[in-house]
Amino acid sequence: MKTTYNENIPGIRTGFLSSISLAVITLITFGLAITAVPKSGPLCVRNCIEYPYLDSLAFYPGDYYWMYFAILQLVIWLIFMISLHFISPAEMKIFSFTGISFALISSVVLFADYFIQFSVVPVSLMKGETDGIAMITQYNDHGIFIAMEELGYLMMSISFLFMAFVFSRDNALERWLRWIFIIPSVLTIISLIYFSIKFGAGRSYRFEIAVISINWLAMVAGSILSGVCFNRQLKKAIT
C-alpha cells in the first residue's frame, strides 16, 4: 500500500499493535473453542445432551469461556480493519470501506449472539426458566445460536474479500496478504454449497464449524503478515 507515511503514523502504529494482538487473541480463542467439544448433534460421541438441553448447565462455565475471548477478538479485529482502511490508497478506500461495513455487520451479529448466550441461557436454567431455551442454546445444532454464527462469519468472509483489494500486487508480502484475505470467502462459499447439498436443511453445525475455522485461520495468518507489513511501513515513517 502506497501511503503518505508521516501523516499515517498513528494509523500504522495502531495497525501494527492490533495485528499482533489479533493473532494472539485468535489463537487463544481457537484453543478454548476446541475444548468446548460438541455435546449434541452429529459430532457428539458420548454423554450427549438431548432436547430440550436442560442438562447443559452441567457444562457451565467451561463451555462459555471462549465466547468472552471471541468478543474481545471481534473488538480487536474491528480496530485492525479500520487501521487498514485509514492507510489504504485513496483509490482503494471504496473497497476498504465496504470491507469495514461488512465487518460491522458481522461483529454486531456475533456480539449479540455470544452476549445473549452467556448472559441469558445459564441464569435462565439456574432459575428454572426454561421456556424457549432450546431455541437459543448453543447445544441446539439447528437453533438460533448456530444460525447467527453462520451469518456472522459469512459476513466476515465477505469483509475479508473486499479488504483484500487494498493490498498491492507489486509487493510480494502484500500479494500473499491479498490471497489470505480472498481465500476465506472462496472456501466459505464452497463449504456452504457442499454442506447444503449434502445435508440440506439438516446440515447442523457442520458449516458453522467449517466457516469459523476458515475465518480464524485466515485471521491468524493475515494479522501476522499484516503486522510485518505495518512494521515495515512504521520504520519508513519514522526515518
# chains A, B, ... in the order shown; residues from 1 in each chain; ligands from 1
>>> residues_around(residues="Arg203 of chain A", least_positions_apart="3", cutoff="12 Å", atoms="only C-alpha atoms", output="short mmCIF file (atom, residue, chain, number, x, y, z; two decimals) with N, CA and C atoms, in the first residue's frame")
data_model
loop_
_atom_site.label_atom_id
_atom_site.label_comp_id
_atom_site.auth_asym_id
_atom_site.auth_seq_id
_atom_site.Cartn_x
_atom_site.Cartn_y
_atom_site.Cartn_z
N GLY A 41 -25.80 -33.22 18.72
CA GLY A 41 -25.68 -33.18 17.28
C GLY A 41 -24.85 -34.32 16.71
N PRO A 42 -24.56 -34.27 15.41
CA PRO A 42 -23.95 -35.40 14.70
C PRO A 42 -22.51 -35.72 15.11
N LEU A 43 -21.79 -34.76 15.68
CA LEU A 43 -20.38 -35.00 16.04
C LEU A 43 -20.20 -35.38 17.50
N ASP A 141 -28.23 -27.93 17.71
CA ASP A 141 -27.42 -27.90 16.48
C ASP A 141 -28.15 -27.29 15.29
N HIS A 142 -29.43 -26.92 15.45
CA HIS A 142 -30.14 -26.20 14.40
C HIS A 142 -30.92 -25.02 14.99
N GLY A 143 -30.37 -24.45 16.05
CA GLY A 143 -31.04 -23.35 16.73
C GLY A 143 -30.53 -21.99 16.28
N ILE A 146 -26.53 -21.17 16.37
CA ILE A 146 -25.76 -21.66 15.22
C ILE A 146 -26.04 -20.82 13.98
N ALA A 147 -27.32 -20.49 13.76
CA ALA A 147 -27.69 -19.70 12.58
C ALA A 147 -27.03 -18.33 12.60
N GLU A 150 -23.37 -18.64 11.76
CA GLU A 150 -23.20 -18.82 10.32
C GLU A 150 -23.30 -17.49 9.58
N SER A 191 -17.86 -24.31 1.05
CA SER A 191 -18.34 -25.08 2.21
C SER A 191 -19.86 -25.00 2.34
N LEU A 192 -20.40 -23.79 2.17
CA LEU A 192 -21.85 -23.61 2.28
C LEU A 192 -22.58 -24.44 1.23
N ILE A 193 -22.09 -24.40 0.00
CA ILE A 193 -22.71 -25.17 -1.07
C ILE A 193 -22.60 -26.66 -0.80
N TYR A 194 -21.42 -27.09 -0.38
CA TYR A 194 -21.18 -28.52 -0.13
C TYR A 194 -22.10 -29.06 0.96
N PHE A 195 -22.10 -28.39 2.12
CA PHE A 195 -22.91 -28.89 3.25
C PHE A 195 -24.40 -28.75 2.98
N SER A 196 -24.79 -27.73 2.22
CA SER A 196 -26.20 -27.56 1.90
C SER A 196 -26.69 -28.64 0.95
N ILE A 197 -25.84 -29.01 -0.02
CA ILE A 197 -26.22 -30.08 -0.97
C ILE A 197 -26.21 -31.43 -0.28
N LYS A 198 -25.18 -31.68 0.51
CA LYS A 198 -25.01 -32.99 1.13
C LYS A 198 -26.03 -33.25 2.24
N PHE A 199 -26.32 -32.21 3.05
CA PHE A 199 -27.18 -32.42 4.22
C PHE A 199 -28.49 -31.62 4.16
N GLY A 200 -28.62 -30.72 3.20
CA GLY A 200 -29.84 -29.93 3.10
C GLY A 200 -30.05 -29.06 4.34
N ARG A 206 -22.25 -28.33 11.03
CA ARG A 206 -21.08 -28.68 10.21
C ARG A 206 -20.52 -27.46 9.48
N PHE A 207 -21.39 -26.70 8.84
CA PHE A 207 -20.93 -25.50 8.15
C PHE A 207 -20.42 -24.46 9.14
N GLU A 208 -21.07 -24.34 10.28
CA GLU A 208 -20.64 -23.38 11.30
C GLU A 208 -19.20 -23.66 11.73
N ILE A 209 -18.88 -24.91 11.98
CA ILE A 209 -17.51 -25.26 12.38
C ILE A 209 -16.53 -24.94 11.26
N ALA A 210 -16.93 -25.25 10.03
CA ALA A 210 -16.05 -25.01 8.88
C ALA A 210 -15.78 -23.52 8.70
#
>>> residues_around(residues="Met92 of chain A", least_positions_apart="3", cutoff="12 Å", atoms="only C-alpha atoms", output="list of chain:residue names")
A:Met1, A:Lys2, A:Thr3, A:Leu84, A:His85, A:Phe86, A:Ile87, A:Ser88, A:Pro89, A:Phe95, A:Ser96, A:Phe97, A:Thr98, A:Gly99, A:Phe162, A:Met163, A:Ala164, A:Phe165, A:Val166, A:Phe167, A:Ser168
>>> write_last_selection(atoms="C-alpha atoms", output="PDB file, in the first residue's frame")
ATOM      1  CA  MET A   1       0.000   0.000   0.000  1.00  0.00           C
ATOM      2  CA  LYS A   2       1.441   3.351  -1.002  1.00  0.00           C
ATOM      3  CA  THR A   3       0.859   5.813   1.786  1.00  0.00           C
ATOM      4  CA  LEU A  84      -6.229  -0.938   7.121  1.00  0.00           C
ATOM      5  CA  HIS A  85      -8.853   1.465   5.815  1.00  0.00           C
ATOM      6  CA  PHE A  86      -7.077   4.586   7.064  1.00  0.00           C
ATOM      7  CA  ILE A  87      -3.751   3.727   5.442  1.00  0.00           C
ATOM      8  CA  SER A  88      -5.283   2.462   2.207  1.00  0.00           C
ATOM      9  CA  PRO A  89      -4.564   4.379  -1.016  1.00  0.00           C
ATOM     10  CA  PHE A  95     -13.041  -1.451  -1.083  1.00  0.00           C
ATOM     11  CA  SER A  96     -11.705  -0.939   2.438  1.00  0.00           C
ATOM     12  CA  PHE A  97     -14.826   0.980   3.486  1.00  0.00           C
ATOM     13  CA  THR A  98     -17.038  -1.779   2.098  1.00  0.00           C
ATOM     14  CA  GLY A  99     -14.926  -4.308   3.963  1.00  0.00           C
ATOM     15  CA  PHE A 162     -13.259  -6.573  -0.089  1.00  0.00           C
ATOM     16  CA  MET A 163     -10.330  -5.692   2.167  1.00  0.00           C
ATOM     17  CA  ALA A 164      -8.056  -7.884   0.038  1.00  0.00           C
ATOM     18  CA  PHE A 165      -8.069  -5.303  -2.746  1.00  0.00           C
ATOM     19  CA  VAL A 166      -6.292  -2.643  -0.677  1.00  0.00           C
ATOM     20  CA  PHE A 167      -3.080  -4.649  -0.870  1.00  0.00           C
ATOM     21  CA  SER A 168      -0.701  -4.008  -3.749  1.00  0.00           C
TER      22      SER A 168
END
>>> residues_around(residues="segment 15-30 of chain A", least_positions_apart="4", cutoff="12 Å", atoms="only C-alpha atoms", output="PyMOL selection string")
chain A and resi 8-11+34-37+63-88+209+212-235
>>> write_last_selection(atoms="C-alpha atoms", output="mmCIF file, in the first residue's frame")
data_model
loop_
_atom_site.group_PDB
_atom_site.id
_atom_site.type_symbol
_atom_site.label_atom_id
_atom_site.label_comp_id
_atom_site.auth_asym_id
_atom_site.auth_seq_id
_atom_site.Cartn_x
_atom_site.Cartn_y
_atom_site.Cartn_z
ATOM 1 C CA ASN A 8 -0.307 7.971 8.729
ATOM 2 C CA ILE A 9 1.965 7.126 11.665
ATOM 3 C CA PRO A 10 -0.957 6.802 14.150
ATOM 4 C CA GLY A 11 -2.816 4.507 11.764
ATOM 5 C CA ILE A 34 -11.700 -26.536 20.610
ATOM 6 C CA THR A 35 -12.028 -27.649 24.241
ATOM 7 C CA ALA A 36 -15.784 -26.960 24.105
ATOM 8 C CA VAL A 37 -16.401 -30.091 22.041
ATOM 9 C CA ASP A 63 -18.180 -24.237 27.545
ATOM 10 C CA TYR A 64 -18.694 -20.464 27.657
ATOM 11 C CA TYR A 65 -15.175 -19.156 28.320
ATOM 12 C CA TRP A 66 -14.259 -18.973 24.640
ATOM 13 C CA MET A 67 -17.149 -16.585 23.935
ATOM 14 C CA TYR A 68 -15.704 -13.914 26.229
ATOM 15 C CA PHE A 69 -12.449 -14.086 24.298
ATOM 16 C CA ALA A 70 -14.351 -14.139 20.989
ATOM 17 C CA ILE A 71 -15.968 -10.801 21.859
ATOM 18 C CA LEU A 72 -12.561 -9.287 22.658
ATOM 19 C CA GLN A 73 -11.260 -10.782 19.413
ATOM 20 C CA LEU A 74 -14.021 -9.046 17.452
ATOM 21 C CA VAL A 75 -13.207 -5.685 19.046
ATOM 22 C CA ILE A 76 -9.532 -6.005 18.080
ATOM 23 C CA TRP A 77 -10.478 -7.230 14.608
ATOM 24 C CA LEU A 78 -12.574 -4.110 14.004
ATOM 25 C CA ILE A 79 -9.675 -1.890 15.084
ATOM 26 C CA PHE A 80 -7.417 -3.851 12.748
ATOM 27 C CA MET A 81 -9.807 -3.437 9.799
ATOM 28 C CA ILE A 82 -10.250 0.285 10.475
ATOM 29 C CA SER A 83 -6.461 0.691 10.546
ATOM 30 C CA LEU A 84 -6.229 -0.938 7.121
ATOM 31 C CA HIS A 85 -8.853 1.465 5.815
ATOM 32 C CA PHE A 86 -7.077 4.586 7.064
ATOM 33 C CA ILE A 87 -3.751 3.727 5.442
ATOM 34 C CA SER A 88 -5.283 2.462 2.207
ATOM 35 C CA ILE A 209 -17.514 -25.263 12.376
ATOM 36 C CA ILE A 212 -15.315 -20.391 11.907
ATOM 37 C CA SER A 213 -12.153 -22.445 11.307
ATOM 38 C CA ILE A 214 -11.633 -20.892 7.878
ATOM 39 C CA ASN A 215 -12.001 -17.331 9.120
ATOM 40 C CA TRP A 216 -9.968 -17.755 12.280
ATOM 41 C CA LEU A 217 -7.068 -19.406 10.450
ATOM 42 C CA ALA A 218 -7.127 -16.587 7.892
ATOM 43 C CA MET A 219 -7.290 -14.070 10.719
ATOM 44 C CA VAL A 220 -4.170 -15.501 12.354
ATOM 45 C CA ALA A 221 -2.163 -15.709 9.113
ATOM 46 C CA GLY A 222 -3.409 -12.345 7.847
ATOM 47 C CA SER A 223 -2.763 -10.489 11.082
ATOM 48 C CA ILE A 224 0.777 -11.865 11.388
ATOM 49 C CA LEU A 225 1.710 -10.859 7.839
ATOM 50 C CA SER A 226 -0.079 -7.537 8.245
ATOM 51 C CA GLY A 227 1.976 -6.948 11.380
ATOM 52 C CA VAL A 228 5.143 -7.401 9.329
ATOM 53 C CA CYS A 229 3.770 -5.034 6.702
ATOM 54 C CA PHE A 230 2.782 -2.399 9.262
ATOM 55 C CA ASN A 231 6.178 -2.694 10.954
ATOM 56 C CA ARG A 232 7.990 -2.063 7.678
ATOM 57 C CA GLN A 233 5.845 0.992 6.998
ATOM 58 C CA LEU A 234 6.375 2.268 10.527
ATOM 59 C CA LYS A 235 10.158 2.073 10.146
#
>>> select_by_dssp(residues="segment 34-233 of chain A", states="alpha helix (DSSP H)", output="NGL selection string")
:A and (34-35 or 65-86 or 93-126 or 133-136 or 144-163 or 172-199 or 206-233)
>>> closest_residue(among="A:Asn47, A:Ser159, A:Thr14, A:Thr188", to="Ser101 of chain A", atoms="only C-alpha atoms")
A:Ser159
